[in-house]
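*Asks:* Quick one: the structure is below, questions incoming.
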Amino acid sequence: MPTHLFRRLGYSLLVLWGVATLVFLLFNVLPADPARLTLGQRSDLATVAAARKELHLDQPLFRRYVLYLNDISPIGLVPARKGADAPWNFSFSQLHNGQRLALKVPYLGRSYRTKRLVSDILWEALPGTVVLAFSAMLFASFLGIALGILAALKKGSFWDTGAVAASVAGISLPSFFAGLIIAYVFGMLLHAYTGLDMTGSLYEWDAFGGKQLALRNLILPAFALGIRPLAIITQLTRSSMLDVLGQDYIRTAKAKGLSRWRMVTRHALPNALNPVVTAISGWMAELLAGSFFIEYIFGWKGVGKVTVDALDKFDFPLVMASVLLSSLIFIVVNFLTDLLYMLLDPRVRTS
């Protein structure tokens with residue numbers, strides 16, 4: 001088991017390095033000049049030259065690539081400064097030119113527009129995405145598993161046909177289209193009855209109360225975001241449960257006189273959850289990575305909306321950091337899924 005985990009960790013680091021390389025190459029072959037984007041089009045040549053030097057744009061491409069990897073890596077070369085303002089936590093050894101190999105905080109650059117640290121911008125937007133993704137996934141998981149079990153136990157009935165038809169419709173409906181319809185119907189046409197707005201974020205500012213939590217704004221985007229994973233989880237649970245319910249040990253459990261509830265919860269469902277866990281983990285990674293369309297449609301402040309706004313303004317450091325964050329989320333969720341497999345299925349631990 002430790003060998004398998006270390007191997008998976010090595011693969012994950014290779015994938016992250018590949019993503020970082022692709023991101024660097026893609027954003028360094030664009031015709032736009034980052035120095036001009038940072039300073040504006042009316043800056044003089046001397047100021048632009050100084051900005052290009054500060055951004056290492058006067059260096060060859062390979063050297064910029066090495067500097068970029070050194071910036072985003074948690075272990076890298078840092079100036080040998082001393083004092084409380086040093087941006088690293090632990091130095092390993094003194095190297096040439098007064099530099100040290102140290103454990104440090106990754107540096108993702110500064111926004112071209114706001115001049116703020118990209119890490120600060122993403123850190124402020126991440127809680128909104130996490131809350132939205134977990135809410136949508138909880139809604140999709142509990143309701144999808146319940147509908148899948150019901151459809152499997154009532155095979156061929158109205159419940160089965162209705163669950164399958166609804167899941168097919170949910171899979172066929174793109175998230176951005178569902179978001180537009182839901183926002184228009186429940187946030188505008190039925191606003192007088194639902195009390196829900198078309199747009200809104202997790203927190204709202206009141207002239208008298210200041211910053212206030214607005215959970216009602218979470219309902220519509222979480223519902224729109226959870227429709228597709230709900231449909232897939234329902235179908236996977238149904239098909240997996242039907243396969244498990246036909247196994248010999250289930251017939252033996254019936255012959256022993258176990259109640260239907262105990263047979264389903266203690267014997268059938270745990271063995272049917274592997275493909276469902278795979279689907280939940282994949283969707284969770286996708287939702288956490290930034291639900292771009294849903295956040296943008298509902299005006300929900302999260303990583304997705306921040307990324308779309310950055311693309312509109314050619315804010316390359318923020319976009320590059322968002323892509324890296326999305327990749328990191330996928331890798332971490334997949335790694336945790338492997339651990340969950342080992343806990344759920346002893347056969348995985350044995351193999």
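Residue numbers start at 1 in each chain; chains themselves are named A, B, ... in the order of the structure tokens; ligands are numbered from 1 in the order shown.
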Run DSSP on the backbone and grab whatever in segment 38-182 of chain A lands in helix (DSSP H, G or I); send it over as number ranges by chain.
*Replies:* A: 38-39, 45-54, 61-72, 96-98, 118-153, 158-172, 175-182
*Asks:* Output C-alpha atoms for every residue in that selection, as a compact mmCIF listing (two decimals), in the first residue's frame.
*Replies:*
# COMPACT_ATOMS: atom_id res chain seq x y z
CA THR A 38 0.72 45.98 -16.99
CA LEU A 39 1.46 49.66 -17.62
CA LEU A 45 9.59 53.23 -23.78
CA ALA A 46 11.88 53.54 -20.75
CA THR A 47 9.10 52.53 -18.36
CA VAL A 48 8.11 49.61 -20.60
CA ALA A 49 11.74 48.45 -20.77
CA ALA A 50 12.00 48.56 -16.97
CA ALA A 51 8.78 46.55 -16.66
CA ARG A 52 10.02 43.96 -19.17
CA LYS A 53 13.18 43.55 -17.12
CA GLU A 54 11.19 43.17 -13.90
CA LEU A 61 12.50 31.65 -23.20
CA PHE A 62 14.23 28.73 -21.45
CA ARG A 63 15.53 30.94 -18.65
CA ARG A 64 12.06 32.42 -18.16
CA TYR A 65 10.73 28.87 -17.96
CA VAL A 66 13.25 27.95 -15.25
CA LEU A 67 12.43 31.11 -13.30
CA TYR A 68 8.71 30.35 -13.63
CA LEU A 69 9.14 26.82 -12.26
CA ASN A 70 11.27 28.18 -9.44
CA ASP A 71 8.54 30.71 -8.57
CA ILE A 72 5.62 28.25 -8.46
CA HIS A 96 26.12 30.42 -5.14
CA ASN A 97 25.42 34.15 -5.63
CA GLY A 98 24.08 34.46 -2.09
CA VAL A 118 -2.51 36.50 -7.61
CA SER A 119 -2.43 34.13 -4.64
CA ASP A 120 -4.40 36.65 -2.57
CA ILE A 121 -7.04 37.03 -5.29
CA LEU A 122 -7.51 33.27 -5.67
CA TRP A 123 -7.50 32.76 -1.91
CA GLU A 124 -10.39 35.22 -1.58
CA ALA A 125 -12.34 33.57 -4.41
CA LEU A 126 -11.71 29.92 -3.43
CA PRO A 127 -14.17 29.72 -0.48
CA GLY A 128 -17.06 30.69 -2.76
CA THR A 129 -16.19 27.93 -5.22
CA VAL A 130 -15.70 25.36 -2.44
CA VAL A 131 -19.07 26.15 -0.85
CA LEU A 132 -20.85 26.06 -4.23
CA ALA A 133 -19.19 22.82 -5.33
CA PHE A 134 -19.82 20.98 -2.05
CA SER A 135 -23.45 22.14 -1.94
CA ALA A 136 -24.08 20.99 -5.51
CA MET A 137 -22.30 17.69 -4.91
CA LEU A 138 -24.16 16.96 -1.66
CA PHE A 139 -27.47 17.62 -3.42
CA ALA A 140 -26.48 15.43 -6.39
CA SER A 141 -24.97 12.60 -4.31
CA PHE A 142 -27.74 12.07 -1.76
CA LEU A 143 -30.59 12.49 -4.20
CA GLY A 144 -28.83 10.54 -6.98
CA ILE A 145 -27.99 7.54 -4.78
CA ALA A 146 -31.52 7.51 -3.34
CA LEU A 147 -33.12 7.64 -6.80
CA GLY A 148 -30.73 4.97 -8.11
CA ILE A 149 -31.57 2.59 -5.26
CA LEU A 150 -35.27 3.23 -5.69
CA ALA A 151 -35.08 2.61 -9.45
CA ALA A 152 -33.14 -0.64 -8.93
CA LEU A 153 -35.52 -1.97 -6.29
CA PHE A 158 -43.05 3.98 -12.93
CA TRP A 159 -40.27 5.01 -10.49
CA ASP A 160 -37.66 3.22 -12.56
CA THR A 161 -38.85 4.66 -15.88
CA GLY A 162 -39.17 8.16 -14.44
CA ALA A 163 -35.71 8.10 -12.84
CA VAL A 164 -34.07 6.88 -16.06
CA ALA A 165 -35.91 9.45 -18.22
CA ALA A 166 -35.03 12.30 -15.84
CA SER A 167 -31.36 11.24 -15.71
CA VAL A 168 -31.13 11.11 -19.52
CA ALA A 169 -32.63 14.60 -19.72
CA GLY A 170 -30.19 15.84 -17.06
CA ILE A 171 -27.16 14.40 -18.86
CA SER A 172 -28.28 15.96 -22.17
CA SER A 175 -24.80 23.35 -17.46
CA PHE A 176 -24.72 26.84 -18.98
CA PHE A 177 -28.13 26.34 -20.63
CA ALA A 178 -29.63 24.94 -17.42
CA GLY A 179 -28.16 27.87 -15.51
CA LEU A 180 -29.73 30.42 -17.86
CA ILE A 181 -33.15 28.76 -17.70
CA ILE A 182 -33.08 28.37 -13.92
*Asks:* Excluding segment 304-313 of chain A and residues on its chain fewer than 2 positions from it, collect all residues at most 10 Å away from it, counting only C-alpha atoms, and give them as a ChimeraX atom specification.
*Replies:* /A:37,111-113,121-122,125-126,128-129,287-302,315-323,326
*Asks:* Write a file of the just-selected residues containing N, CA and C atoms, as a short mmCIF file (atom, residue, chain, number, x, y, z; two decimals), in the first residue's frame.
*Replies:*
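Just written: again_29.cif:
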data_model
loop_
_atom_site.label_atom_id
_atom_site.label_comp_id
_atom_site.auth_asym_id
_atom_site.auth_seq_id
_atom_site.Cartn_x
_atom_site.Cartn_y
_atom_site.Cartn_z
N LEU A 37 0.47 45.46 -21.12
CA LEU A 37 -0.76 45.16 -20.39
C LEU A 37 -0.67 45.64 -18.94
N SER A 111 -1.27 40.50 -10.44
CA SER A 111 -2.25 40.80 -11.46
C SER A 111 -1.81 42.01 -12.28
N TYR A 112 -1.99 41.94 -13.59
CA TYR A 112 -1.64 43.06 -14.45
C TYR A 112 -2.55 44.26 -14.18
N ARG A 113 -3.79 44.01 -13.79
CA ARG A 113 -4.77 45.09 -13.65
C ARG A 113 -4.75 45.70 -12.25
N ILE A 121 -5.77 36.97 -4.55
CA ILE A 121 -7.04 37.03 -5.29
C ILE A 121 -7.72 35.67 -5.32
N LEU A 122 -6.94 34.63 -5.62
CA LEU A 122 -7.51 33.27 -5.67
C LEU A 122 -7.93 32.80 -4.28
N ALA A 125 -11.28 34.12 -3.58
CA ALA A 125 -12.34 33.57 -4.41
C ALA A 125 -12.59 32.08 -4.14
N LEU A 126 -11.59 31.37 -3.61
CA LEU A 126 -11.71 29.92 -3.43
C LEU A 126 -12.84 29.50 -2.50
N GLY A 128 -15.79 30.68 -2.04
CA GLY A 128 -17.06 30.69 -2.76
C GLY A 128 -17.21 29.48 -3.66
N THR A 129 -16.14 29.11 -4.36
CA THR A 129 -16.19 27.93 -5.22
C THR A 129 -16.33 26.66 -4.41
N LEU A 287 -16.09 20.38 -10.33
CA LEU A 287 -16.80 21.51 -9.74
C LEU A 287 -15.88 22.39 -8.92
N LEU A 288 -14.96 21.76 -8.17
CA LEU A 288 -14.02 22.55 -7.37
C LEU A 288 -13.05 23.32 -8.25
N ALA A 289 -12.73 22.77 -9.42
CA ALA A 289 -11.78 23.43 -10.29
C ALA A 289 -12.31 24.74 -10.85
N GLY A 290 -13.57 25.00 -10.65
CA GLY A 290 -14.08 26.29 -11.11
C GLY A 290 -15.23 26.09 -12.07
N SER A 291 -16.44 26.32 -11.60
CA SER A 291 -17.63 26.18 -12.43
C SER A 291 -17.82 27.50 -13.18
N PHE A 292 -17.08 27.63 -14.25
CA PHE A 292 -16.93 28.93 -14.90
C PHE A 292 -18.27 29.51 -15.36
N PHE A 293 -19.04 28.72 -16.10
CA PHE A 293 -20.28 29.26 -16.66
C PHE A 293 -21.30 29.57 -15.57
N ILE A 294 -21.46 28.64 -14.63
CA ILE A 294 -22.47 28.83 -13.58
C ILE A 294 -22.12 30.04 -12.73
N GLU A 295 -20.86 30.16 -12.32
CA GLU A 295 -20.46 31.31 -11.49
C GLU A 295 -20.64 32.62 -12.25
N TYR A 296 -20.33 32.60 -13.54
CA TYR A 296 -20.46 33.83 -14.33
C TYR A 296 -21.93 34.20 -14.54
N ILE A 297 -22.78 33.20 -14.80
CA ILE A 297 -24.20 33.46 -15.04
C ILE A 297 -24.87 34.02 -13.80
N PHE A 298 -24.59 33.42 -12.64
CA PHE A 298 -25.25 33.82 -11.40
C PHE A 298 -24.48 34.91 -10.65
N GLY A 299 -23.37 35.39 -11.21
CA GLY A 299 -22.60 36.43 -10.54
C GLY A 299 -22.02 35.97 -9.22
N TRP A 300 -21.72 34.68 -9.13
CA TRP A 300 -21.21 34.10 -7.88
C TRP A 300 -19.70 34.30 -7.83
N LYS A 301 -19.22 34.95 -6.80
CA LYS A 301 -17.79 35.24 -6.69
C LYS A 301 -17.03 33.98 -6.33
N GLY A 302 -16.31 33.42 -7.30
CA GLY A 302 -15.51 32.23 -7.11
C GLY A 302 -14.37 32.21 -8.10
N ASP A 315 -5.53 39.33 -18.28
CA ASP A 315 -4.73 39.28 -17.06
C ASP A 315 -4.09 37.90 -16.97
N PHE A 316 -2.97 37.71 -17.70
CA PHE A 316 -2.37 36.39 -17.88
C PHE A 316 -1.92 35.73 -16.58
N PRO A 317 -1.25 36.42 -15.65
CA PRO A 317 -0.83 35.73 -14.42
C PRO A 317 -1.98 35.12 -13.64
N LEU A 318 -3.10 35.81 -13.61
CA LEU A 318 -4.26 35.30 -12.89
C LEU A 318 -4.85 34.08 -13.60
N VAL A 319 -4.89 34.12 -14.92
CA VAL A 319 -5.41 32.97 -15.68
C VAL A 319 -4.49 31.76 -15.53
N MET A 320 -3.18 31.98 -15.63
CA MET A 320 -2.23 30.88 -15.48
C MET A 320 -2.34 30.24 -14.10
N ALA A 321 -2.46 31.07 -13.08
CA ALA A 321 -2.58 30.54 -11.72
C ALA A 321 -3.89 29.78 -11.53
N SER A 322 -4.97 30.24 -12.17
CA SER A 322 -6.25 29.54 -12.07
C SER A 322 -6.18 28.16 -12.70
N VAL A 323 -5.50 28.07 -13.84
CA VAL A 323 -5.34 26.76 -14.49
C VAL A 323 -4.51 25.82 -13.61
N SER A 326 -6.67 24.64 -10.76
CA SER A 326 -7.62 23.63 -11.21
C SER A 326 -6.95 22.27 -11.36
#
*Asks:* Between A:Leu339, A:Val303, A:Ala279, A:Leu213, which is the closest to Phe6 of chain A once you count only C-alpha atoms?
*Replies:*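 Closest to Phe6 of chain A of all the choices is A:Leu339.
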*Asks:* So that I can see what lies close to Leu5 of chain A, please list as a list in words the residues with an atom at most 12 Å from it, counting only C-alpha atoms and leaving out residues fewer than 2 positions away in the same chain.
*Replies:*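 Using only C-alpha atoms, the neighbours found are Met1, Pro2, Thr3, Arg7, Arg8, Leu9, Gly10, Tyr11, Ser12, Asn334, Phe335, Leu336, Thr337, Asp338, Leu339, Met342 and Arg349 of chain A.
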*Asks:* Nearest residue to Ala224 of chain A out of A:Leu269, A:Leu340, A:Phe186, A:Ala20, using only C-alpha atoms?
*Replies:* A:Phe186
*Asks:* Check the DSSP output for the backbone and give back, as a PyMOL selection string, the residues of segment 27-238 of chain A in strand (DSSP E or B).
*Replies:* chain A and resi 75-79+88-94+99-104+110+117+203-206+210-213
